[in-house]
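Q: Structure: input.txt, compact mmCIF, C-alpha atoms (C1' of nucleotides).
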```txt
# COMPACT_ATOMS: atom_id res chain seq x y z
CA MET A 1 8.22 13.03 68.61
CA PHE A 2 7.87 11.12 71.88
CA ILE A 3 8.58 7.91 69.98
CA ARG A 4 11.67 9.30 68.31
CA LYS A 5 13.19 11.21 71.22
CA GLY A 6 11.51 9.88 74.33
CA MET A 7 9.53 11.74 76.93
CA ASP A 8 12.53 13.57 78.41
CA GLY A 9 14.11 14.40 75.06
CA THR A 10 11.00 15.99 73.57
CA ARG A 11 10.16 19.70 74.03
CA MET A 12 6.62 20.98 74.23
CA GLN A 13 7.73 23.68 71.79
CA GLU A 14 8.70 21.04 69.21
CA ILE A 15 5.34 19.35 69.52
CA ALA A 16 3.54 22.67 69.18
CA ASP A 17 5.59 23.56 66.09
CA GLU A 18 4.87 20.17 64.55
CA ALA A 19 1.18 20.63 65.24
CA GLY A 20 1.21 24.20 63.94
CA ILE A 21 0.00 25.67 67.21
CA ASN A 22 1.74 27.15 70.27
CA LYS A 23 2.71 25.84 73.65
CA ALA A 24 -0.12 27.54 75.50
CA LEU A 25 -2.70 25.77 73.42
CA LEU A 26 -1.02 22.47 74.06
CA HIS A 27 -1.34 23.08 77.78
CA TYR A 28 -4.90 24.21 77.32
CA TYR A 29 -5.79 20.82 75.83
CA PHE A 30 -3.64 18.50 77.93
CA ARG A 31 -2.88 20.50 81.09
CA SER A 32 0.66 19.11 81.42
CA LYS A 33 3.39 17.34 79.51
CA ASP A 34 2.85 14.23 81.62
CA LYS A 35 -0.82 14.08 80.72
CA LEU A 36 -0.07 14.60 77.03
CA PHE A 37 2.50 11.87 77.10
CA GLU A 38 0.17 9.44 78.78
CA ALA A 39 -2.50 10.09 76.16
CA VAL A 40 -0.02 9.43 73.37
CA PHE A 41 1.35 6.35 75.06
CA ARG A 42 -2.06 4.82 75.66
CA SER A 43 -3.10 5.25 72.07
CA ILE A 44 0.12 3.65 70.83
CA ILE A 45 0.13 0.74 73.22
CA GLY A 46 -3.52 -0.03 72.64
CA GLY A 47 -3.24 -1.77 69.31
CA PHE A 48 0.02 -3.48 70.09
CA PHE A 49 -1.01 -4.69 73.43
CA SER A 50 -4.29 -6.22 72.44
CA SER A 51 -2.43 -8.04 69.70
CA ILE A 52 0.14 -9.43 72.09
CA ALA A 53 -2.72 -10.72 74.17
CA GLY A 54 -4.72 -11.93 71.20
CA ALA A 55 -1.74 -13.79 69.87
CA ILE A 56 -1.70 -16.19 72.79
CA THR A 57 -5.12 -16.31 74.41
CA GLY A 58 -7.52 -19.05 73.51
CA GLU A 59 -5.91 -22.39 72.90
CA MET A 60 -2.29 -22.42 71.82
CA PRO A 61 -1.80 -22.32 68.10
CA THR A 62 -1.81 -25.19 65.77
CA VAL A 63 0.75 -24.78 63.03
CA GLU A 64 -1.84 -23.28 60.70
CA LYS A 65 -3.09 -20.89 63.32
CA ALA A 66 0.46 -19.90 64.20
CA ASP A 67 1.10 -18.99 60.60
CA PHE A 68 -1.85 -16.60 60.61
CA ILE A 69 -0.87 -14.99 63.90
CA ILE A 70 2.74 -14.52 62.84
CA THR A 71 1.78 -12.88 59.57
CA HIS A 72 -0.59 -10.53 61.34
CA TYR A 73 1.83 -9.64 64.09
CA ILE A 74 4.80 -8.99 61.84
CA ARG A 75 2.70 -6.73 59.64
CA MET A 76 1.77 -4.68 62.66
CA ILE A 77 5.42 -4.24 63.59
CA GLU A 78 6.24 -3.28 60.01
CA GLU A 79 3.60 -0.58 60.13
CA ASN A 80 4.85 0.75 63.48
CA PRO A 81 8.57 -0.03 63.46
CA PHE A 82 9.43 2.36 66.29
CA ALA A 83 6.57 1.49 68.59
CA PRO A 84 8.03 -1.61 70.28
CA GLN A 85 11.17 0.05 71.53
CA PHE A 86 9.20 3.08 72.59
CA ILE A 87 6.87 0.88 74.62
CA ILE A 88 9.75 -1.01 76.21
CA ASN A 89 11.54 2.19 77.17
CA GLU A 90 8.57 3.86 78.72
CA ILE A 91 7.55 0.79 80.65
CA ASN A 92 11.03 0.69 82.10
CA ARG A 93 10.71 4.36 82.98
CA ASN A 94 7.32 3.92 84.59
CA PRO A 95 6.20 0.31 85.12
CA GLN A 96 3.06 1.36 86.96
CA MET A 97 1.60 2.79 83.78
CA LEU A 98 1.49 -0.66 82.20
CA ARG A 99 -0.43 -2.08 85.15
CA ASP A 100 -3.03 0.65 84.85
CA ILE A 101 -3.32 0.16 81.13
CA MET A 102 -3.63 -3.60 81.41
CA LEU A 103 -6.49 -3.06 83.83
CA SER A 104 -8.21 -0.54 81.59
CA PHE A 105 -7.90 -2.91 78.63
CA ASN A 106 -9.40 -5.63 80.79
CA ILE A 107 -6.41 -7.92 80.40
CA ASN A 108 -5.87 -10.35 83.23
CA PRO A 109 -2.33 -11.77 83.44
CA LYS A 110 -3.62 -14.92 85.09
CA HIS A 111 -5.67 -15.79 82.07
CA LEU A 112 -2.70 -15.26 79.81
CA VAL A 113 -0.61 -17.67 81.79
CA GLN A 114 -3.31 -20.29 82.08
CA SER A 115 -3.87 -20.23 78.35
CA PHE A 116 -0.42 -21.72 77.89
CA ASP A 117 -1.64 -24.94 79.39
CA ASN A 118 -4.17 -25.53 76.67
CA GLY A 119 -3.55 -27.07 73.32
CA GLN A 120 -0.83 -29.21 71.96
CA THR A 121 2.15 -27.42 73.45
CA ARG A 122 1.66 -29.18 76.75
CA LYS A 123 3.85 -32.03 75.58
CA LEU A 124 6.76 -29.75 74.77
CA PRO A 125 9.94 -30.13 76.81
CA PHE A 126 10.05 -26.38 77.53
CA ASP A 127 7.81 -23.80 79.08
CA PRO A 128 5.67 -22.73 76.11
CA ARG A 129 6.44 -19.11 76.93
CA GLN A 130 9.91 -19.84 75.60
CA PHE A 131 8.32 -20.11 72.17
CA VAL A 132 6.16 -17.04 72.50
CA ILE A 133 9.02 -14.89 73.70
CA THR A 134 11.30 -16.32 71.07
CA PHE A 135 8.81 -15.27 68.44
CA LEU A 136 8.50 -11.78 69.91
CA SER A 137 12.29 -11.50 70.15
CA MET A 138 12.92 -12.58 66.58
CA SER A 139 10.26 -10.20 65.28
CA ILE A 140 10.82 -7.10 67.38
CA PHE A 141 14.55 -6.98 68.01
CA PRO A 142 15.62 -6.40 64.38
CA TYR A 143 13.41 -3.29 64.37
CA ALA A 144 14.33 -2.05 67.85
CA ALA A 145 18.06 -2.40 67.19
CA ARG A 146 17.86 -1.47 63.53
CA ASN A 147 20.44 1.31 63.56
CA LEU A 148 22.93 -0.80 65.42
CA LEU A 149 22.52 -3.96 63.37
CA GLN A 150 22.37 -2.16 60.05
CA MET A 151 25.62 -0.41 60.79
CA VAL A 152 27.48 -3.39 62.20
CA TYR A 153 26.32 -6.12 59.87
CA PHE A 154 25.17 -4.32 56.71
CA GLU A 155 27.69 -1.52 56.25
CA ASP A 156 24.84 0.89 56.96
CA ASP A 157 23.12 -0.09 53.71
CA LYS A 158 19.45 0.73 54.27
CA GLU A 159 18.21 -1.15 51.25
CA ALA A 160 20.20 -4.26 52.11
CA TYR A 161 18.70 -4.20 55.58
CA ASN A 162 15.19 -3.86 54.17
CA ARG A 163 15.78 -6.91 52.01
CA PHE A 164 17.05 -8.72 55.09
CA LEU A 165 13.86 -7.85 56.98
CA GLU A 166 11.74 -9.00 54.07
CA GLU A 167 13.55 -12.31 53.87
CA ARG A 168 13.30 -12.60 57.63
CA LYS A 169 9.53 -12.89 57.61
CA LEU A 170 9.74 -16.26 55.93
CA PHE A 171 12.68 -17.24 58.11
CA ILE A 172 10.74 -16.54 61.29
CA LYS A 173 7.73 -18.48 60.13
CA GLN A 174 9.82 -21.50 59.27
CA MET A 175 11.72 -21.39 62.55
CA ILE A 176 8.60 -21.12 64.69
CA ILE A 177 6.80 -23.84 62.82
CA LYS A 178 9.84 -26.06 63.10
CA MET A 179 9.90 -25.45 66.84
CA LEU A 180 6.23 -26.25 67.26
CA GLU A 181 6.61 -29.43 65.27
CA ALA A 182 9.76 -30.57 67.02
CA MET B 1 22.45 6.43 86.19
CA PHE B 2 22.74 7.05 82.45
CA ILE B 3 21.88 3.39 81.88
CA ARG B 4 18.84 3.50 84.11
CA LYS B 5 17.44 6.90 83.13
CA GLY B 6 19.06 7.82 79.85
CA MET B 7 21.15 10.84 79.00
CA ASP B 8 18.24 13.28 79.09
CA GLY B 9 16.67 11.87 82.23
CA THR B 10 19.83 11.98 84.33
CA ARG B 11 20.84 15.06 86.35
CA MET B 12 24.42 16.06 86.98
CA GLN B 13 23.41 16.55 90.62
CA GLU B 14 22.32 12.92 90.90
CA ILE B 15 25.61 11.73 89.50
CA ALA B 16 27.53 13.97 91.86
CA ASP B 17 25.51 12.71 94.85
CA GLU B 18 26.08 9.12 93.81
CA ALA B 19 29.80 9.79 93.50
CA GLY B 20 29.91 11.64 96.80
CA ILE B 21 31.20 14.85 95.23
CA ASN B 22 29.54 18.00 93.92
CA LYS B 23 28.53 19.24 90.50
CA ALA B 24 31.44 21.62 90.11
CA LEU B 25 33.94 18.82 90.49
CA LEU B 26 32.13 16.77 87.91
CA HIS B 27 32.52 19.62 85.45
CA TYR B 28 36.11 20.07 86.47
CA TYR B 29 36.84 16.50 85.39
CA PHE B 30 34.62 16.16 82.34
CA ARG B 31 34.00 19.74 81.21
CA SER B 32 30.40 19.02 80.15
CA LYS B 33 27.58 16.56 80.52
CA ASP B 34 28.01 15.52 76.89
CA LYS B 35 31.64 14.67 77.41
CA LEU B 36 30.88 12.73 80.59
CA PHE B 37 28.19 10.79 78.83
CA GLU B 38 30.43 9.90 75.94
CA ALA B 39 33.09 8.63 78.31
CA VAL B 40 30.56 6.42 80.08
CA PHE B 41 29.08 5.20 76.83
CA ARG B 42 32.42 4.28 75.34
CA SER B 43 33.44 2.28 78.36
CA ILE B 44 30.14 0.40 78.37
CA ILE B 45 30.03 -0.34 74.68
CA GLY B 46 33.66 -1.41 74.60
CA GLY B 47 33.27 -4.85 76.11
CA PHE B 48 29.96 -5.56 74.46
CA PHE B 49 31.00 -4.43 71.09
CA SER B 50 34.22 -6.34 70.86
CA SER B 51 32.26 -9.42 71.87
CA ILE B 52 29.67 -8.91 69.18
CA ALA B 53 32.49 -8.64 66.71
CA GLY B 54 34.45 -11.50 68.21
CA ALA B 55 31.40 -13.72 68.09
CA ILE B 56 31.32 -13.71 64.33
CA THR B 57 34.77 -12.87 62.97
CA GLY B 58 37.09 -15.63 61.96
CA GLU B 59 35.36 -18.55 60.34
CA MET B 60 31.74 -19.13 61.18
CA PRO B 61 31.20 -21.38 64.12
CA THR B 62 31.10 -25.10 64.09
CA VAL B 63 28.53 -26.43 66.50
CA GLU B 64 31.15 -26.84 69.23
CA LYS B 65 32.47 -23.35 68.70
CA ALA B 66 28.95 -21.94 68.68
CA ASP B 67 28.32 -23.50 72.06
CA PHE B 68 31.33 -21.73 73.52
CA ILE B 69 30.43 -18.37 72.00
CA ILE B 70 26.82 -18.58 73.15
CA THR B 71 27.81 -19.42 76.71
CA HIS B 72 30.26 -16.54 76.81
CA TYR B 73 27.87 -14.05 75.27
CA ILE B 74 24.91 -14.89 77.47
CA ARG B 75 27.06 -14.60 80.56
CA MET B 76 28.09 -11.12 79.49
CA ILE B 77 24.46 -10.10 79.11
CA GLU B 78 23.63 -11.59 82.50
CA GLU B 79 26.37 -9.52 84.08
CA ASN B 80 25.20 -6.33 82.34
CA PRO B 81 21.47 -6.83 81.90
CA PHE B 82 20.70 -3.16 81.22
CA ALA B 83 23.56 -2.47 78.85
CA PRO B 84 22.02 -3.76 75.59
CA GLN B 85 18.95 -1.58 75.73
CA PHE B 86 21.03 1.38 76.80
CA ILE B 87 23.31 0.90 73.81
CA ILE B 88 20.38 0.53 71.42
CA ASN B 89 18.73 3.67 72.73
CA GLU B 90 21.76 5.85 72.56
CA ILE B 91 22.69 4.66 69.10
CA ASN B 92 19.21 5.62 67.97
CA ARG B 93 19.68 9.00 69.62
CA ASN B 94 23.05 9.57 68.04
CA PRO B 95 24.06 7.10 65.31
CA GLN B 96 27.24 8.99 64.51
CA MET B 97 28.72 8.03 67.84
CA LEU B 98 28.71 4.37 66.90
CA ARG B 99 30.62 5.06 63.69
CA ASP B 100 33.29 6.92 65.61
CA ILE B 101 33.53 4.19 68.20
CA MET B 102 33.75 1.45 65.59
CA LEU B 103 36.64 3.31 64.01
CA SER B 104 38.42 3.79 67.32
CA PHE B 105 38.00 0.09 68.12
CA ASN B 106 39.42 -0.72 64.71
CA ILE B 107 36.35 -2.61 63.61
CA ASN B 108 35.74 -2.67 59.90
CA PRO B 109 32.17 -3.51 58.88
CA LYS B 110 33.38 -4.93 55.58
CA HIS B 111 35.40 -7.58 57.36
CA LEU B 112 32.43 -8.53 59.47
CA VAL B 113 30.29 -9.08 56.43
CA GLN B 114 32.91 -11.00 54.53
CA SER B 115 33.45 -13.32 57.46
CA PHE B 116 29.97 -14.69 56.89
CA ASP B 117 31.12 -16.26 53.67
CA ASN B 118 33.62 -18.51 55.39
CA GLY B 119 32.93 -21.78 57.07
CA GLN B 120 30.13 -24.23 56.81
CA THR B 121 27.21 -21.86 56.83
CA ARG B 122 27.68 -21.12 53.15
CA LYS B 123 25.40 -24.03 52.27
CA LEU B 124 22.51 -22.71 54.36
CA PRO B 125 19.35 -21.62 52.54
CA PHE B 126 19.34 -18.27 54.37
CA ASP B 127 21.65 -15.34 54.78
CA PRO B 128 23.80 -16.46 57.72
CA ARG B 129 23.14 -13.11 59.36
CA GLN B 130 19.64 -14.44 60.00
CA PHE B 131 21.18 -16.85 62.45
CA VAL B 132 23.45 -14.33 64.11
CA ILE B 133 20.65 -11.82 64.57
CA THR B 134 18.30 -14.54 65.75
CA PHE B 135 20.81 -15.45 68.40
CA LEU B 136 21.22 -11.83 69.47
CA SER B 137 17.44 -11.36 69.50
CA MET B 138 16.76 -14.43 71.61
CA SER B 139 19.47 -13.49 74.07
CA ILE B 140 19.02 -9.75 74.42
CA PHE B 141 15.29 -9.15 74.05
CA PRO B 142 14.20 -10.96 77.23
CA TYR B 143 16.50 -8.63 79.19
CA ALA B 144 15.66 -5.45 77.29
CA ALA B 145 11.91 -6.01 77.61
CA ARG B 146 12.09 -7.62 81.02
CA ASN B 147 9.60 -5.36 82.79
CA LEU B 148 7.07 -5.75 80.02
CA LEU B 149 7.38 -9.51 79.60
CA GLN B 150 7.54 -10.21 83.31
CA MET B 151 4.34 -8.30 83.87
CA VAL B 152 2.42 -9.66 80.93
CA TYR B 153 3.47 -13.29 81.00
CA PHE B 154 4.63 -13.92 84.56
CA GLU B 155 2.20 -11.95 86.72
CA ASP B 156 5.13 -9.73 87.67
CA ASP B 157 6.77 -12.58 89.54
CA LYS B 158 10.47 -11.71 89.60
CA GLU B 159 11.61 -15.13 90.74
CA ALA B 160 9.55 -16.92 88.13
CA TYR B 161 11.08 -14.72 85.47
CA ASN B 162 14.58 -15.46 86.75
CA ARG B 163 13.88 -19.17 86.49
CA PHE B 164 12.59 -18.59 82.98
CA LEU B 165 15.83 -16.81 82.03
CA GLU B 166 17.89 -19.60 83.54
CA GLU B 167 15.98 -22.23 81.61
CA ARG B 168 16.26 -20.10 78.52
CA LYS B 169 20.03 -20.45 78.31
CA LEU B 170 19.71 -24.11 77.47
CA PHE B 171 16.77 -23.41 75.20
CA ILE B 172 18.76 -20.89 73.16
CA LYS B 173 21.70 -23.23 72.80
CA GLN B 174 19.53 -26.05 71.58
CA MET B 175 17.67 -23.84 69.12
CA ILE B 176 20.81 -22.36 67.61
CA ILE B 177 22.54 -25.71 67.32
CA LYS B 178 19.42 -27.16 65.74
CA MET B 179 19.42 -24.33 63.23
CA LEU B 180 23.06 -24.78 62.36
CA GLU B 181 22.58 -28.49 61.91
CA ALA B 182 19.42 -28.20 59.86
C1' DG C 1 41.60 19.39 93.59
C1' DT C 2 37.54 20.52 96.07
C1' DC C 3 34.30 23.37 97.64
C1' DT C 4 30.24 27.36 97.84
C1' DA C 5 28.00 30.67 95.46
C1' DT C 6 26.24 32.35 91.38
C1' DA C 7 25.52 33.29 86.46
C1' DT C 8 22.83 31.90 82.61
C1' DC C 9 19.52 29.74 80.05
C1' DG C 10 15.96 26.64 78.59
C1' DG C 11 11.58 24.77 79.17
C1' DG C 12 7.08 23.80 81.53
C1' DA C 13 3.36 26.24 82.94
C1' DT C 14 0.24 30.30 83.56
C1' DA C 15 -1.99 35.09 82.99
C1' DG C 16 -4.70 37.59 80.49
C1' DA C 17 -6.05 39.94 76.07
C1' DC C 18 -8.82 38.93 72.16
C1' DG D 1 -10.27 28.45 71.57
C1' DT D 2 -6.11 30.76 70.35
C1' DC D 3 -2.68 33.83 70.90
C1' DT D 4 1.56 36.80 73.18
C1' DA D 5 3.98 37.76 77.05
C1' DT D 6 5.69 36.29 81.21
C1' DC D 7 6.57 33.71 85.39
C1' DC D 8 9.41 30.48 87.68
C1' DC D 9 12.00 26.68 88.51
C1' DG D 10 15.54 23.50 87.64
C1' DA D 11 19.72 22.27 85.40
C1' DT D 12 24.19 23.14 83.16
C1' DA D 13 28.01 25.59 83.64
C1' DT D 14 31.38 28.90 85.65
C1' DA D 15 33.78 32.06 89.11
C1' DG D 16 36.57 32.27 92.61
C1' DA D 17 37.92 31.25 97.53
C1' DC D 18 40.53 27.84 99.93
```
The structure given in the file should be rewritten as structure tokens.

A:
Amino acid sequence: MFIRKGMDGTRMQEIADEAGINKALLHYYFRSKDKLFEAVFRSIIGGFFSSIAGAITGEMPTVEKADFIITHYIRMIEENPFAPQFIINEINRNPQMLRDIMLSFNINPKHLVQSFDNGQTRKLPFDPRQFVITFLSMSIFPYAARNLLQMVYFEDDKEAYNRFLEERKLFIKQMIIKMLEA
Amino acid sequence: MFIRKGMDGTRMQEIADEAGINKALLHYYFRSKDKLFEAVFRSIIGGFFSSIAGAITGEMPTVEKADFIITHYIRMIEENPFAPQFIINEINRNPQMLRDIMLSFNINPKHLVQSFDNGQTRKLPFDPRQFVITFLSMSIFPYAARNLLQMVYFEDDKEAYNRFLEERKLFIKQMIIKMLEA
DNA sequence: GTCTATATCGGGATAGAC
DNA sequence: GTCTATCCCGATATAGAC
């Protein structure tokens, strides 16, 4: 419910109904709405975040390695299509939470940045983060803006949009590989 | 305030304070929070939406035309960096509103889709919407997810991220033109 | 049109029985 | 642990003076 309607838009009563219990019990377990939300948020961000990190630590990808990472990452988005936008929203609402979570997941931003200097991308004419963020953009945005894009460009045809997303997996792979080879 | 904190997270009192008036006057003008929100939303989406449409109606872009459109579109995002995510969020919250607005702006989805069949892109091996949505993704996502990306990949260095965005304009142009030429 | 004061209600949180 | 009943505050909305 938090994912669908956000922290502010969700009622404790709705959550209790969905869980088949009552509000009081919800407070008994989590003490407050804030605490409940944080618990939910941490569990959602966990998988996604470690994958974002995993996708770029170590040496930068060779083309073969990139292919593996892309497949893995896109599958994760497919399985959690609403998670990315939820994460983005809540980090905008409360940026401090991300810092805490990064610490608790033992992720050091410095290491992330340094890892860009390894591997073959060093000869590229652009900051290699351009490629990483381009990949994330191409993968995440069509899910985050699904309702908008589906309505504007696909006459609100759900099936047509699903086919588009399916075709897009190959498209993304080819684009990224082309960029890395360029 | 709606852009920053969303419809649910914004208080009428805050808006009144910001405007230097009081709550009662706000209701006098707009009758209800819902009505006020819709007025704000329509005015924000207006410019963006007509540009999304304008960017792809008529024949599909030649490389020269694409360059012009990209420059124009990115500038609009730069001037309203929070608008895209706001629009995406509120359309997810209330998809019907977009349908109404599209009607009132006289935008017909069928025409949008048909326009993809014109021009040189017809020979491309992919649905041309892949290119349009790739462009939108590359342009919008780095603004929508700014807090997240800046923290994870730029050690929360605001200036470094601004330089990245500046460099990205050229990067996007080159990528899109490369795709269209491919 | 603009204000103060107030009605009304919804929702987070708690008390206390079981 | 789980429930019902209730407190209490904050937020939308309105009444009514000026």

Q: Using Å and a single decimal, report how far atom CA of Met12 of chain A sits from atom CA of Phe37 of chain A.

A: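 Computing the Euclidean distance for atom CA of Phe37 of chain A and atom CA of Met12 of chain A yields 10.4 Å.
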
Q: Give me, as a ChimeraX atom specification, all polymer residues having an atom no more than 12 Å from segment 3-15 of chain D, counting only C-alpha atoms (C1' of nucleotides) and skipping those fewer than 5 positions away in the same chain.

A: /A:21-26,28 /B:8-14,23-28,30-34 /C:4-18

Q: If you measure from atom CA of Thr62 of chain B to atom CA of Gln174 of chain B, what distance in Å do you get, rounded to one decimal?

A: 13.8 Å

Q: Could you give me, as CSV, a per-residue list for chain B showing, wherever an atom lies at most 6 Å from an atom of chain A, the closest pair of atoms and their distance in Å to one decimal, using all atoms listed in the file and sorting by chain then residue number from low to high?

A:
```
residue,atom,partner,partner_atom,distance
B:Asp8,CA,A:Asp8,CA,5.8
B:Gly9,CA,A:Asp8,CA,5.9
B:Ile88,CA,A:Ala145,CA,5.6
B:Pro109,CA,A:Glu155,CA,5.6
B:Thr134,CA,A:Met138,CA,5.8
B:Ser137,CA,A:Ser137,CA,5.2
B:Met138,CA,A:Ser137,CA,5.5
B:Phe141,CA,A:Ser137,CA,5.5
B:Ala145,CA,A:Ile88,CA,5.6
B:Val152,CA,A:Pro109,CA,5.8
B:Glu155,CA,A:Pro109,CA,5.6
```

Q: With 4 Å on each side, where is the centre of the axis-aligned box around all listed atoms of segment 10-14 of chain D, and how long are its edges in Å to one decimal, as lines of an AutoDock Vina configuration file?

A:
```
center_x = 23.5
center_y = 25.6
center_z = 85.4
size_x = 23.8
size_y = 14.6
size_z = 12.5
```

Q: Could you produce a table of the residues of chain C lying within 9 Å of chain B, with the nearest pair of atoms per residue and their separation in Å rounded to one decimal, using only C-alpha atoms (C1' of nucleotides), ordered by chain and increasing residue number, as JSON lines?

A:
```
{"residue": "C:DG1", "atom": "C1'", "partner": "B:Leu25", "partner_atom": "CA", "distance": 8.3}
{"residue": "C:DT2", "atom": "C1'", "partner": "B:Leu25", "partner_atom": "CA", "distance": 6.9}
{"residue": "C:DC3", "atom": "C1'", "partner": "B:Asn22", "partner_atom": "CA", "distance": 8.1}
```

Q: If you measure from atom CA of Leu103 of chain A to atom CA of Ile15 of chain A, what distance in Å do you get, rounded to one decimal?

A: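 Calculated distance between atom CA of Leu103 of chain A and atom CA of Ile15 of chain A is 29.1 Å.
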